[in-house]
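Shown next: query-v4.txt, given as compact mmCIF, N, CA and C atoms.
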# COMPACT_ATOMS: atom_id res chain seq x y z
N MET A 1 153.66 72.14 138.19
CA MET A 1 153.47 71.46 136.93
C MET A 1 154.81 71.40 136.20
N ASN A 2 155.12 70.25 135.64
CA ASN A 2 156.36 70.07 134.90
C ASN A 2 156.15 70.38 133.43
N PHE A 3 157.08 71.09 132.84
CA PHE A 3 157.03 71.37 131.41
C PHE A 3 158.30 70.82 130.76
N ILE A 4 158.12 70.19 129.61
CA ILE A 4 159.24 69.75 128.79
C ILE A 4 159.03 70.38 127.42
N ASN A 5 160.01 71.09 126.93
CA ASN A 5 159.93 71.69 125.60
C ASN A 5 160.33 70.65 124.57
N LEU A 6 159.49 70.44 123.57
CA LEU A 6 159.75 69.47 122.51
C LEU A 6 159.77 70.17 121.17
N ASP A 7 160.78 69.87 120.36
CA ASP A 7 160.82 70.36 118.99
C ASP A 7 159.92 69.46 118.14
N ILE A 8 159.09 70.07 117.27
CA ILE A 8 158.17 69.33 116.43
C ILE A 8 158.23 69.88 115.01
N VAL A 9 158.19 68.97 114.04
CA VAL A 9 158.12 69.34 112.63
C VAL A 9 156.75 68.91 112.12
N LEU A 10 156.02 69.84 111.48
CA LEU A 10 154.77 69.51 110.80
C LEU A 10 155.13 69.25 109.35
N MET A 11 154.95 68.01 108.90
CA MET A 11 155.46 67.58 107.60
C MET A 11 154.57 67.95 106.42
N ASN A 12 153.32 68.24 106.66
CA ASN A 12 152.42 68.63 105.58
C ASN A 12 151.31 69.51 106.13
N ASP A 13 150.45 70.01 105.27
CA ASP A 13 149.41 70.95 105.72
C ASP A 13 148.28 70.26 106.49
N ARG A 14 148.25 68.94 106.52
CA ARG A 14 147.24 68.20 107.29
C ARG A 14 147.73 67.87 108.70
N ALA A 15 149.02 67.98 108.93
CA ALA A 15 149.61 67.64 110.23
C ALA A 15 149.17 68.64 111.30
N LYS A 16 148.95 68.12 112.49
CA LYS A 16 148.51 68.96 113.62
C LYS A 16 149.42 68.73 114.82
N VAL A 17 149.65 69.77 115.57
CA VAL A 17 150.34 69.65 116.84
C VAL A 17 149.44 68.84 117.77
N PRO A 18 149.98 67.84 118.47
CA PRO A 18 149.15 67.06 119.40
C PRO A 18 148.47 67.97 120.42
N THR A 19 147.27 67.58 120.83
CA THR A 19 146.50 68.37 121.79
C THR A 19 146.13 67.52 122.99
N ARG A 20 145.82 68.21 124.07
CA ARG A 20 145.42 67.52 125.30
C ARG A 20 144.23 68.24 125.90
N GLU A 21 143.19 67.49 126.18
CA GLU A 21 142.01 68.05 126.83
C GLU A 21 142.30 68.30 128.31
N LEU A 22 141.65 69.28 128.89
CA LEU A 22 141.79 69.58 130.30
C LEU A 22 141.46 68.34 131.13
N GLY A 23 142.33 67.98 132.04
CA GLY A 23 142.10 66.81 132.89
C GLY A 23 142.59 65.50 132.29
N SER A 24 143.11 65.53 131.07
CA SER A 24 143.63 64.32 130.44
C SER A 24 145.15 64.27 130.58
N ASN A 25 145.69 63.08 130.58
CA ASN A 25 147.14 62.91 130.64
C ASN A 25 147.74 62.70 129.26
N GLY A 26 146.99 62.08 128.36
CA GLY A 26 147.49 61.78 127.03
C GLY A 26 147.27 62.93 126.06
N TYR A 27 148.21 63.07 125.12
CA TYR A 27 148.10 64.04 124.04
C TYR A 27 147.59 63.32 122.80
N ASP A 28 146.55 63.86 122.18
CA ASP A 28 145.95 63.23 121.01
C ASP A 28 146.82 63.40 119.78
N LEU A 29 146.95 62.30 119.02
CA LEU A 29 147.62 62.29 117.72
C LEU A 29 146.55 62.25 116.64
N TYR A 30 146.80 62.94 115.54
CA TYR A 30 145.83 63.07 114.46
C TYR A 30 146.31 62.38 113.19
N TYR A 31 145.36 61.86 112.43
CA TYR A 31 145.68 61.24 111.15
C TYR A 31 145.92 62.32 110.12
N ALA A 32 147.10 62.29 109.48
CA ALA A 32 147.47 63.33 108.51
C ALA A 32 147.60 62.78 107.10
N GLY A 33 146.97 61.64 106.83
CA GLY A 33 147.01 61.08 105.49
C GLY A 33 146.10 61.85 104.54
N GLU A 34 146.17 61.48 103.26
CA GLU A 34 145.36 62.16 102.25
C GLU A 34 143.98 61.54 102.09
N ASP A 35 143.87 60.23 102.30
CA ASP A 35 142.62 59.52 102.05
C ASP A 35 142.08 58.90 103.32
N SER A 36 140.77 58.66 103.35
CA SER A 36 140.15 57.96 104.47
C SER A 36 140.63 56.51 104.48
N VAL A 37 140.67 55.93 105.65
CA VAL A 37 141.12 54.55 105.84
C VAL A 37 139.97 53.76 106.45
N HIS A 38 139.70 52.58 105.87
CA HIS A 38 138.55 51.77 106.30
C HIS A 38 139.02 50.53 107.06
N PHE A 39 138.43 50.33 108.21
CA PHE A 39 138.62 49.11 108.99
C PHE A 39 137.33 48.32 108.81
N ASN A 40 137.33 47.34 107.89
CA ASN A 40 136.08 46.71 107.51
C ASN A 40 136.02 45.22 107.78
N TYR A 41 136.97 44.67 108.55
CA TYR A 41 136.88 43.27 108.96
C TYR A 41 137.81 43.06 110.16
N PRO A 42 137.52 42.06 110.99
CA PRO A 42 138.39 41.80 112.13
C PRO A 42 139.80 41.46 111.65
N GLY A 43 140.79 42.05 112.28
CA GLY A 43 142.17 41.83 111.90
C GLY A 43 142.68 42.81 110.86
N CYS A 44 141.81 43.68 110.34
CA CYS A 44 142.22 44.69 109.36
C CYS A 44 143.20 45.65 110.04
N LYS A 45 144.39 45.81 109.43
CA LYS A 45 145.44 46.65 110.01
C LYS A 45 145.84 47.74 109.04
N HIS A 46 146.14 48.90 109.60
CA HIS A 46 146.68 50.01 108.82
C HIS A 46 147.73 50.72 109.65
N VAL A 47 148.75 51.24 108.99
CA VAL A 47 149.72 52.11 109.63
C VAL A 47 149.41 53.52 109.15
N LEU A 48 149.03 54.37 110.09
CA LEU A 48 148.55 55.71 109.76
C LEU A 48 149.62 56.76 110.03
N LYS A 49 149.74 57.70 109.10
CA LYS A 49 150.70 58.79 109.23
C LYS A 49 150.14 59.90 110.10
N THR A 50 150.99 60.45 110.96
CA THR A 50 150.60 61.61 111.76
C THR A 50 151.10 62.90 111.15
N GLY A 51 152.08 62.81 110.26
CA GLY A 51 152.64 64.01 109.65
C GLY A 51 153.49 64.84 110.58
N ILE A 52 153.92 64.23 111.71
CA ILE A 52 154.75 64.98 112.66
C ILE A 52 156.03 64.20 112.96
N LYS A 53 157.06 64.96 113.28
CA LYS A 53 158.31 64.44 113.81
C LYS A 53 158.54 65.20 115.12
N ILE A 54 158.86 64.47 116.18
CA ILE A 54 159.12 65.09 117.48
C ILE A 54 160.43 64.54 118.01
N LYS A 55 161.28 65.42 118.51
CA LYS A 55 162.52 65.00 119.15
C LYS A 55 162.29 64.94 120.65
N LEU A 56 162.38 63.73 121.21
CA LEU A 56 162.22 63.55 122.66
C LEU A 56 163.56 63.78 123.35
N PRO A 57 163.53 64.27 124.58
CA PRO A 57 164.79 64.46 125.31
C PRO A 57 165.44 63.11 125.63
N GLU A 58 166.75 63.11 125.73
CA GLU A 58 167.47 61.89 126.09
C GLU A 58 166.96 61.39 127.44
N GLY A 59 166.74 60.08 127.53
CA GLY A 59 166.25 59.49 128.78
C GLY A 59 164.74 59.45 128.90
N TYR A 60 164.04 59.87 127.85
CA TYR A 60 162.57 59.86 127.83
C TYR A 60 162.10 59.01 126.65
N ALA A 61 160.89 58.48 126.76
CA ALA A 61 160.28 57.74 125.66
C ALA A 61 158.83 58.20 125.52
N GLY A 62 158.33 58.09 124.30
CA GLY A 62 156.91 58.35 124.04
C GLY A 62 156.19 57.01 123.96
N PHE A 63 155.07 56.91 124.64
CA PHE A 63 154.28 55.68 124.64
C PHE A 63 152.93 55.97 124.00
N ILE A 64 152.66 55.30 122.89
CA ILE A 64 151.40 55.49 122.17
C ILE A 64 150.37 54.51 122.70
N TRP A 65 149.19 55.02 123.01
CA TRP A 65 148.10 54.23 123.58
C TRP A 65 146.84 54.40 122.75
N ASP A 66 145.90 53.48 122.95
CA ASP A 66 144.59 53.59 122.33
C ASP A 66 143.90 54.87 122.77
N ARG A 67 143.03 55.37 121.92
CA ARG A 67 142.02 56.33 122.37
C ARG A 67 140.90 55.46 122.89
N SER A 68 140.51 55.63 124.12
CA SER A 68 139.56 54.70 124.74
C SER A 68 138.24 54.63 123.99
N GLY A 69 137.79 55.73 123.41
CA GLY A 69 136.54 55.72 122.66
C GLY A 69 136.63 54.86 121.41
N MET A 70 137.75 54.92 120.72
CA MET A 70 137.92 54.09 119.52
C MET A 70 137.94 52.61 119.89
N GLY A 71 138.57 52.30 121.00
CA GLY A 71 138.62 50.90 121.44
C GLY A 71 137.27 50.40 121.89
N ALA A 72 136.61 51.16 122.75
CA ALA A 72 135.34 50.73 123.31
C ALA A 72 134.19 50.75 122.30
N LYS A 73 134.12 51.79 121.49
CA LYS A 73 133.01 51.94 120.54
C LYS A 73 133.20 51.16 119.25
N TYR A 74 134.45 51.12 118.75
CA TYR A 74 134.68 50.60 117.40
C TYR A 74 135.62 49.40 117.34
N GLY A 75 136.22 49.02 118.47
CA GLY A 75 137.14 47.89 118.48
C GLY A 75 138.44 48.16 117.77
N ILE A 76 138.86 49.44 117.69
CA ILE A 76 140.10 49.81 117.03
C ILE A 76 141.18 49.99 118.12
N HIS A 77 142.27 49.25 117.98
CA HIS A 77 143.34 49.28 118.98
C HIS A 77 144.69 49.49 118.30
N ARG A 78 145.63 50.06 119.04
CA ARG A 78 146.97 50.28 118.51
C ARG A 78 147.79 49.01 118.72
N LEU A 79 148.76 48.83 117.85
CA LEU A 79 149.65 47.67 117.95
C LEU A 79 150.97 48.10 118.57
N ALA A 80 151.87 48.64 117.80
CA ALA A 80 153.15 49.09 118.35
C ALA A 80 152.94 50.35 119.16
N GLY A 81 153.93 50.72 119.99
CA GLY A 81 153.65 51.91 120.77
C GLY A 81 154.77 52.56 121.53
N VAL A 82 156.05 52.30 121.21
CA VAL A 82 157.14 52.96 121.93
C VAL A 82 157.95 53.80 120.95
N ILE A 83 158.12 55.08 121.28
CA ILE A 83 158.96 55.98 120.49
C ILE A 83 160.23 56.23 121.30
N ASP A 84 161.36 55.81 120.76
CA ASP A 84 162.64 55.97 121.44
C ASP A 84 163.14 57.41 121.34
N ASP A 85 163.97 57.82 122.31
CA ASP A 85 164.47 59.20 122.32
C ASP A 85 165.41 59.51 121.16
N GLY A 86 165.98 58.51 120.53
CA GLY A 86 166.87 58.74 119.40
C GLY A 86 166.16 58.77 118.05
N TYR A 87 164.86 58.47 118.03
CA TYR A 87 164.11 58.43 116.78
C TYR A 87 163.62 59.83 116.42
N VAL A 88 163.92 60.27 115.20
CA VAL A 88 163.49 61.61 114.77
C VAL A 88 162.69 61.55 113.46
N GLY A 89 162.19 60.36 113.11
CA GLY A 89 161.36 60.21 111.91
C GLY A 89 159.90 60.50 112.21
N GLU A 90 159.07 60.33 111.18
CA GLU A 90 157.64 60.57 111.33
C GLU A 90 157.04 59.58 112.33
N TRP A 91 156.18 60.09 113.19
CA TRP A 91 155.46 59.23 114.12
C TRP A 91 154.32 58.56 113.36
N LEU A 92 154.33 57.24 113.36
CA LEU A 92 153.30 56.44 112.71
C LEU A 92 152.50 55.72 113.78
N VAL A 93 151.24 55.43 113.48
CA VAL A 93 150.37 54.73 114.43
C VAL A 93 149.81 53.50 113.73
N ALA A 94 150.15 52.31 114.26
CA ALA A 94 149.63 51.05 113.73
C ALA A 94 148.35 50.71 114.47
N LEU A 95 147.25 50.58 113.72
CA LEU A 95 145.95 50.27 114.31
C LEU A 95 145.40 48.98 113.72
N VAL A 96 144.62 48.27 114.51
CA VAL A 96 143.98 47.03 114.06
C VAL A 96 142.53 47.02 114.55
N SER A 97 141.66 46.43 113.75
CA SER A 97 140.25 46.28 114.14
C SER A 97 140.03 44.91 114.78
N THR A 98 139.35 44.90 115.90
CA THR A 98 138.94 43.65 116.54
C THR A 98 137.43 43.47 116.45
N ALA A 99 136.74 44.43 115.84
CA ALA A 99 135.28 44.40 115.78
C ALA A 99 134.80 43.36 114.77
N GLU A 100 133.81 42.58 115.17
CA GLU A 100 133.23 41.59 114.26
C GLU A 100 131.87 42.03 113.73
N ASP A 101 131.31 43.07 114.34
CA ASP A 101 129.93 43.43 114.01
C ASP A 101 129.76 44.75 113.27
N HIS A 102 130.84 45.50 113.03
CA HIS A 102 130.70 46.76 112.29
C HIS A 102 132.05 47.22 111.76
N THR A 103 132.00 48.20 110.89
CA THR A 103 133.20 48.77 110.31
C THR A 103 133.42 50.17 110.87
N HIS A 104 134.60 50.70 110.62
CA HIS A 104 134.91 52.06 111.07
C HIS A 104 135.81 52.71 110.03
N THR A 105 135.60 53.99 109.80
CA THR A 105 136.42 54.74 108.86
C THR A 105 137.12 55.87 109.59
N VAL A 106 138.42 56.01 109.34
CA VAL A 106 139.21 57.11 109.88
C VAL A 106 139.43 58.10 108.75
N HIS A 107 139.08 59.35 109.01
CA HIS A 107 139.21 60.42 108.01
C HIS A 107 140.42 61.30 108.35
N PRO A 108 141.01 61.93 107.34
CA PRO A 108 142.08 62.88 107.63
C PRO A 108 141.62 63.91 108.68
N GLY A 109 142.47 64.14 109.66
CA GLY A 109 142.14 65.08 110.74
C GLY A 109 141.54 64.43 111.97
N ASP A 110 141.15 63.14 111.88
CA ASP A 110 140.59 62.43 113.04
C ASP A 110 141.69 62.15 114.07
N ARG A 111 141.29 62.15 115.34
CA ARG A 111 142.20 61.72 116.40
C ARG A 111 142.30 60.19 116.33
N ILE A 112 143.52 59.66 116.35
CA ILE A 112 143.69 58.23 116.13
C ILE A 112 144.36 57.51 117.31
N ALA A 113 145.04 58.20 118.17
CA ALA A 113 145.72 57.60 119.31
C ALA A 113 146.08 58.72 120.27
N GLN A 114 146.64 58.34 121.39
CA GLN A 114 147.16 59.33 122.32
C GLN A 114 148.54 58.89 122.77
N PHE A 115 149.34 59.83 123.22
CA PHE A 115 150.66 59.47 123.72
C PHE A 115 150.97 60.21 125.00
N VAL A 116 151.83 59.59 125.78
CA VAL A 116 152.40 60.20 126.98
C VAL A 116 153.91 60.07 126.87
N VAL A 117 154.62 61.00 127.49
CA VAL A 117 156.08 60.97 127.54
C VAL A 117 156.47 60.68 128.98
N GLN A 118 157.37 59.71 129.14
CA GLN A 118 157.80 59.33 130.48
C GLN A 118 159.31 59.16 130.52
N PRO A 119 159.90 59.44 131.69
CA PRO A 119 161.32 59.15 131.83
C PRO A 119 161.56 57.65 131.85
N VAL A 120 162.68 57.23 131.29
CA VAL A 120 163.04 55.82 131.27
C VAL A 120 164.41 55.69 131.93
N PRO A 121 164.44 55.11 133.13
CA PRO A 121 165.72 55.00 133.82
C PRO A 121 166.61 53.95 133.17
N THR A 122 167.91 54.11 133.35
CA THR A 122 168.86 53.09 132.94
C THR A 122 168.86 52.03 134.04
N LEU A 123 168.70 50.78 133.65
CA LEU A 123 168.59 49.69 134.61
C LEU A 123 169.89 48.89 134.66
N ASN A 124 170.26 48.48 135.85
CA ASN A 124 171.38 47.56 136.05
C ASN A 124 170.80 46.26 136.58
N PHE A 125 171.04 45.18 135.89
CA PHE A 125 170.51 43.88 136.29
C PHE A 125 171.57 43.12 137.09
N HIS A 126 171.15 42.56 138.22
CA HIS A 126 172.03 41.78 139.08
C HIS A 126 171.49 40.36 139.11
N ILE A 127 172.31 39.42 138.68
CA ILE A 127 171.89 38.02 138.69
C ILE A 127 171.97 37.51 140.12
N VAL A 128 170.84 36.96 140.59
CA VAL A 128 170.76 36.39 141.94
C VAL A 128 170.19 34.98 141.83
N ASP A 129 170.31 34.22 142.89
CA ASP A 129 169.78 32.86 142.90
C ASP A 129 168.29 32.82 143.19
N LYS A 130 167.80 33.85 143.91
CA LYS A 130 166.41 33.84 144.36
C LYS A 130 165.97 35.27 144.62
N LEU A 131 164.67 35.54 144.37
CA LEU A 131 164.12 36.87 144.64
C LEU A 131 163.52 36.91 146.04
N GLU A 132 163.50 38.11 146.60
CA GLU A 132 162.91 38.32 147.92
C GLU A 132 161.43 37.98 147.88
N GLU A 133 160.92 37.32 148.90
CA GLU A 133 159.51 36.94 148.97
C GLU A 133 158.63 38.19 149.11
N THR A 134 157.42 38.11 148.50
CA THR A 134 156.42 39.18 148.61
C THR A 134 155.09 38.56 149.00
N LYS A 135 154.14 39.40 149.36
CA LYS A 135 152.80 38.92 149.72
C LYS A 135 152.16 38.19 148.54
N ARG A 136 152.30 38.72 147.34
CA ARG A 136 151.71 38.09 146.16
C ARG A 136 152.44 36.83 145.75
N GLY A 137 153.74 36.82 145.92
CA GLY A 137 154.52 35.65 145.56
C GLY A 137 154.49 35.42 144.06
N GLU A 138 154.30 34.17 143.65
CA GLU A 138 154.31 33.80 142.24
C GLU A 138 152.90 33.61 141.68
N ASN A 139 151.88 34.12 142.40
CA ASN A 139 150.51 34.02 141.90
C ASN A 139 150.40 34.80 140.60
N LYS A 140 149.73 34.22 139.62
CA LYS A 140 149.70 34.77 138.27
C LYS A 140 148.54 35.74 138.04
N PHE A 141 148.09 35.84 136.79
CA PHE A 141 147.04 36.77 136.37
C PHE A 141 145.85 36.78 137.32
N GLY A 142 145.41 37.98 137.68
CA GLY A 142 144.22 38.15 138.51
C GLY A 142 144.48 37.96 139.99
N ALA A 143 145.70 37.68 140.39
CA ALA A 143 146.00 37.41 141.79
C ALA A 143 145.78 38.63 142.68
N SER A 144 145.89 39.83 142.10
CA SER A 144 145.70 41.04 142.93
C SER A 144 144.28 41.58 142.80
N GLY A 145 143.39 40.83 142.15
CA GLY A 145 142.00 41.26 142.00
C GLY A 145 141.75 41.87 140.65
N PHE A 146 140.48 42.03 140.32
CA PHE A 146 140.11 42.60 139.02
C PHE A 146 139.53 43.97 139.19
Do you think you could lay out the structure here as structure tokens?
Amino acid sequence: MNFINLDIVLMNDRAKVPTRELGSNGYDLYYAGEDSVHFNYPGCKHVLKTGIKIKLPEGYAGFIWDRSGMGAKYGIHRLAGVIDDGYVGEWLVALVSTAEDHTHTVHPGDRIAQFVVQPVPTLNFHIVDKLEETKRGENKFGASGF
């Protein structure tokens, strides 16, 4: 098992260290705001405070993803989602409602998203006239099956 030590600042008494359930890959992020936030119409957006600052190691990035239950049950999805290794400010989570048939309320202390940390290689781009052929070729969306 690989371990990476991360420095974390808890900015207020509502902030929580991210947690991970056994068998899960993502670490849960918690809402550390003072008031409940209501998603009461399609397209309703809020940027939620986590109350944490984390320093990622050089060459790594944090990727924020939906909590699958919030997406499937309530139509709440994250918008932005990349934390660069040079960023040391508060981690914020931008969420939007896609639900047309119900509302959802996020309360302080609720899990609002999950994140994973991954290495990000430095890429060198080489301009070529043509790419090597593959089995898939230039077939677009759904070409590899659903």
> Got a sec to tell me which of region 7-142 of chain A DSSP assigns to strand (DSSP E), as an MDAnalysis selection string?
Replying inline: chainID A and resid 7:10 27:30 37:39 45:55 60:65 76:78 82:83 90:97 104:106 111:119
>> Distance cut-off 6 Å, centre (156.8, 55.2, 123.0) in file coordinates, counting only N, CA and C atoms: which residues qualify? Return them as a PyMOL selection string.
In response: chain A and resi 61-64+81-84
> Quick one: of A:Asp129, A:Glu34, A:Asp110, A:Asp66, who's nearest to Leu79 (chain A), counting only N, CA and C atoms?
Replying inline: A:Asp66
>> So that I can see what lies close to region 19-27 of chain A, please list as a list in words the residues with an atom at most 6.5 Å from it, counting only N, CA and C atoms and leaving out residues fewer than 4 positions away in the same chain.
In response: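 Near neighbours after the sequence-gap exclusion: Ala113, Gln114, Phe115 and Val116 of chain A.
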Let's have the selection written as an mmCIF file, in the coordinates of the input, with N, CA and C atoms.
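See selection06.cif below for the written result:
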data_model
loop_
_atom_site.group_PDB
_atom_site.id
_atom_site.type_symbol
_atom_site.label_atom_id
_atom_site.label_comp_id
_atom_site.auth_asym_id
_atom_site.auth_seq_id
_atom_site.Cartn_x
_atom_site.Cartn_y
_atom_site.Cartn_z
ATOM 1 N N ALA A 113 145.040 58.200 118.170
ATOM 2 C CA ALA A 113 145.720 57.600 119.310
ATOM 3 C C ALA A 113 146.080 58.720 120.270
ATOM 4 N N GLN A 114 146.640 58.340 121.390
ATOM 5 C CA GLN A 114 147.160 59.330 122.320
ATOM 6 C C GLN A 114 148.540 58.890 122.770
ATOM 7 N N PHE A 115 149.340 59.830 123.220
ATOM 8 C CA PHE A 115 150.660 59.470 123.720
ATOM 9 C C PHE A 115 150.970 60.210 125.000
ATOM 10 N N VAL A 116 151.830 59.590 125.780
ATOM 11 C CA VAL A 116 152.400 60.200 126.980
ATOM 12 C C VAL A 116 153.910 60.070 126.870
#
> Skipping near chain neighbours, those fewer than 5 positions away, what residues fall within 6 Å of Lys55 (chain A) using all atoms listed in the file, listed as a list in words?
Replying inline: Leu6, Asp7, Ile8, Tyr87 and Val88 of chain A
Padded axis-aligned box of region 48-51 of chain A (8 Å per side), centre and edge lengths, Å, one decimal, as JSON:
{"center_x": 151.0, "center_y": 59.6, "center_z": 110.4, "size_x": 20.9, "size_y": 26.5, "size_z": 18.7}
>> From the options A:Thr98, A:Ser68, A:Thr103, A:Asn2, which residue's atoms come nearest to Asn40 (chain A), counting only C-alpha atoms?
In response: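 Using only C-alpha atoms, the shortest distance to Asn40 (chain A) belongs to A:Thr103.
With all atoms listed in the file as the basis for measurement, A:Ser97 is the residue among A:Ser97, A:Tyr74, A:Ala80, A:Gly33 that approaches Lys45 (chain A) most closely.
Pairwise distance (atom C of Met11 (chain A), atom C of Ala32 (chain A)) equals 8.7 Å.
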> Which residue gives the smallest distance to Lys49 (chain A) among A:Glu138, A:Leu10, A:Leu92, A:Gly86, with all atoms listed in the file counted?
Replying inline: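 That would be A:Leu92, the residue with the smallest distance to Lys49 (chain A).
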> What does the distance between atom N of Tyr30 (chain A) and CA of Ala94 (chain A) come to in Å, to one decimal place?
Replying inline: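 Separation of atom N of Tyr30 (chain A) and CA of Ala94 (chain A): 12.4 Å.
Distances here use only C-alpha atoms; by that measure, the residue among A:Arg14, A:His38, A:Arg67, A:Lys140 closest to Val106 (chain A) is A:His38.
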> Of the candidates A:Gly109, A:Gly43, A:Pro121, A:Pro18, which one gets nearest to Arg78 (chain A) if we count only C-alpha atoms?
Replying inline: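 Counting only C-alpha atoms, the residue closest to Arg78 (chain A) is A:Gly43.
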>> What does the structure give for the distance between atom N of Val17 (chain A) and CA of Gly51 (chain A), in Å to one decimal?
In response: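 Result for atom N of Val17 (chain A) versus CA of Gly51 (chain A): 8.8 Å, one decimal.
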Model the absent atoms of region 25-37 of chain A so that N, CA, C and O atoms are present, and write the result as a PDB file, keeping the file's coordinate frame.
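And here's part31.pdb as it stands now:
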ATOM      1  N   ASN A  25     145.690  63.080 130.580  1.00  0.00           N
ATOM      2  CA  ASN A  25     147.140  62.910 130.640  1.00  0.00           C
ATOM      3  C   ASN A  25     147.740  62.700 129.260  1.00  0.00           C
ATOM      4  O   ASN A  25     148.879  63.072 129.009  1.00  0.00           O
ATOM      5  N   GLY A  26     146.990  62.080 128.360  1.00  0.00           N
ATOM      6  CA  GLY A  26     147.490  61.780 127.030  1.00  0.00           C
ATOM      7  C   GLY A  26     147.270  62.930 126.060  1.00  0.00           C
ATOM      8  O   GLY A  26     146.291  63.667 126.153  1.00  0.00           O
ATOM      9  N   TYR A  27     148.210  63.070 125.120  1.00  0.00           N
ATOM     10  CA  TYR A  27     148.100  64.040 124.040  1.00  0.00           C
ATOM     11  C   TYR A  27     147.590  63.320 122.800  1.00  0.00           C
ATOM     12  O   TYR A  27     148.121  62.272 122.411  1.00  0.00           O
ATOM     13  N   ASP A  28     146.550  63.860 122.180  1.00  0.00           N
ATOM     14  CA  ASP A  28     145.950  63.230 121.010  1.00  0.00           C
ATOM     15  C   ASP A  28     146.820  63.400 119.780  1.00  0.00           C
ATOM     16  O   ASP A  28     147.353  64.479 119.505  1.00  0.00           O
ATOM     17  N   LEU A  29     146.950  62.300 119.020  1.00  0.00           N
ATOM     18  CA  LEU A  29     147.620  62.290 117.720  1.00  0.00           C
ATOM     19  C   LEU A  29     146.550  62.250 116.640  1.00  0.00           C
ATOM     20  O   LEU A  29     145.524  61.563 116.793  1.00  0.00           O
ATOM     21  N   TYR A  30     146.800  62.940 115.540  1.00  0.00           N
ATOM     22  CA  TYR A  30     145.830  63.070 114.460  1.00  0.00           C
ATOM     23  C   TYR A  30     146.310  62.380 113.190  1.00  0.00           C
ATOM     24  O   TYR A  30     147.513  62.348 112.901  1.00  0.00           O
ATOM     25  N   TYR A  31     145.360  61.860 112.430  1.00  0.00           N
ATOM     26  CA  TYR A  31     145.680  61.240 111.150  1.00  0.00           C
ATOM     27  C   TYR A  31     145.920  62.320 110.120  1.00  0.00           C
ATOM     28  O   TYR A  31     145.058  63.172 109.881  1.00  0.00           O
ATOM     29  N   ALA A  32     147.100  62.290 109.480  1.00  0.00           N
ATOM     30  CA  ALA A  32     147.470  63.330 108.510  1.00  0.00           C
ATOM     31  C   ALA A  32     147.600  62.780 107.100  1.00  0.00           C
ATOM     32  O   ALA A  32     148.258  63.383 106.258  1.00  0.00           O
ATOM     33  N   GLY A  33     146.970  61.640 106.830  1.00  0.00           N
ATOM     34  CA  GLY A  33     147.010  61.080 105.490  1.00  0.00           C
ATOM     35  C   GLY A  33     146.100  61.850 104.540  1.00  0.00           C
ATOM     36  O   GLY A  33     145.338  62.721 104.954  1.00  0.00           O
ATOM     37  N   GLU A  34     146.170  61.480 103.260  1.00  0.00           N
ATOM     38  CA  GLU A  34     145.360  62.160 102.250  1.00  0.00           C
ATOM     39  C   GLU A  34     143.980  61.540 102.090  1.00  0.00           C
ATOM     40  O   GLU A  34     143.024  62.236 101.757  1.00  0.00           O
ATOM     41  N   ASP A  35     143.870  60.230 102.300  1.00  0.00           N
ATOM     42  CA  ASP A  35     142.620  59.520 102.050  1.00  0.00           C
ATOM     43  C   ASP A  35     142.080  58.900 103.320  1.00  0.00           C
ATOM     44  O   ASP A  35     142.832  58.589 104.254  1.00  0.00           O
ATOM     45  N   SER A  36     140.770  58.660 103.350  1.00  0.00           N
ATOM     46  CA  SER A  36     140.150  57.960 104.470  1.00  0.00           C
ATOM     47  C   SER A  36     140.630  56.510 104.480  1.00  0.00           C
ATOM     48  O   SER A  36     140.971  55.945 103.440  1.00  0.00           O
ATOM     49  N   VAL A  37     140.670  55.930 105.650  1.00  0.00           N
ATOM     50  CA  VAL A  37     141.120  54.550 105.840  1.00  0.00           C
ATOM     51  C   VAL A  37     139.970  53.760 106.450  1.00  0.00           C
ATOM     52  O   VAL A  37     139.349  54.200 107.412  1.00  0.00           O
TER      53      VAL A  37
END
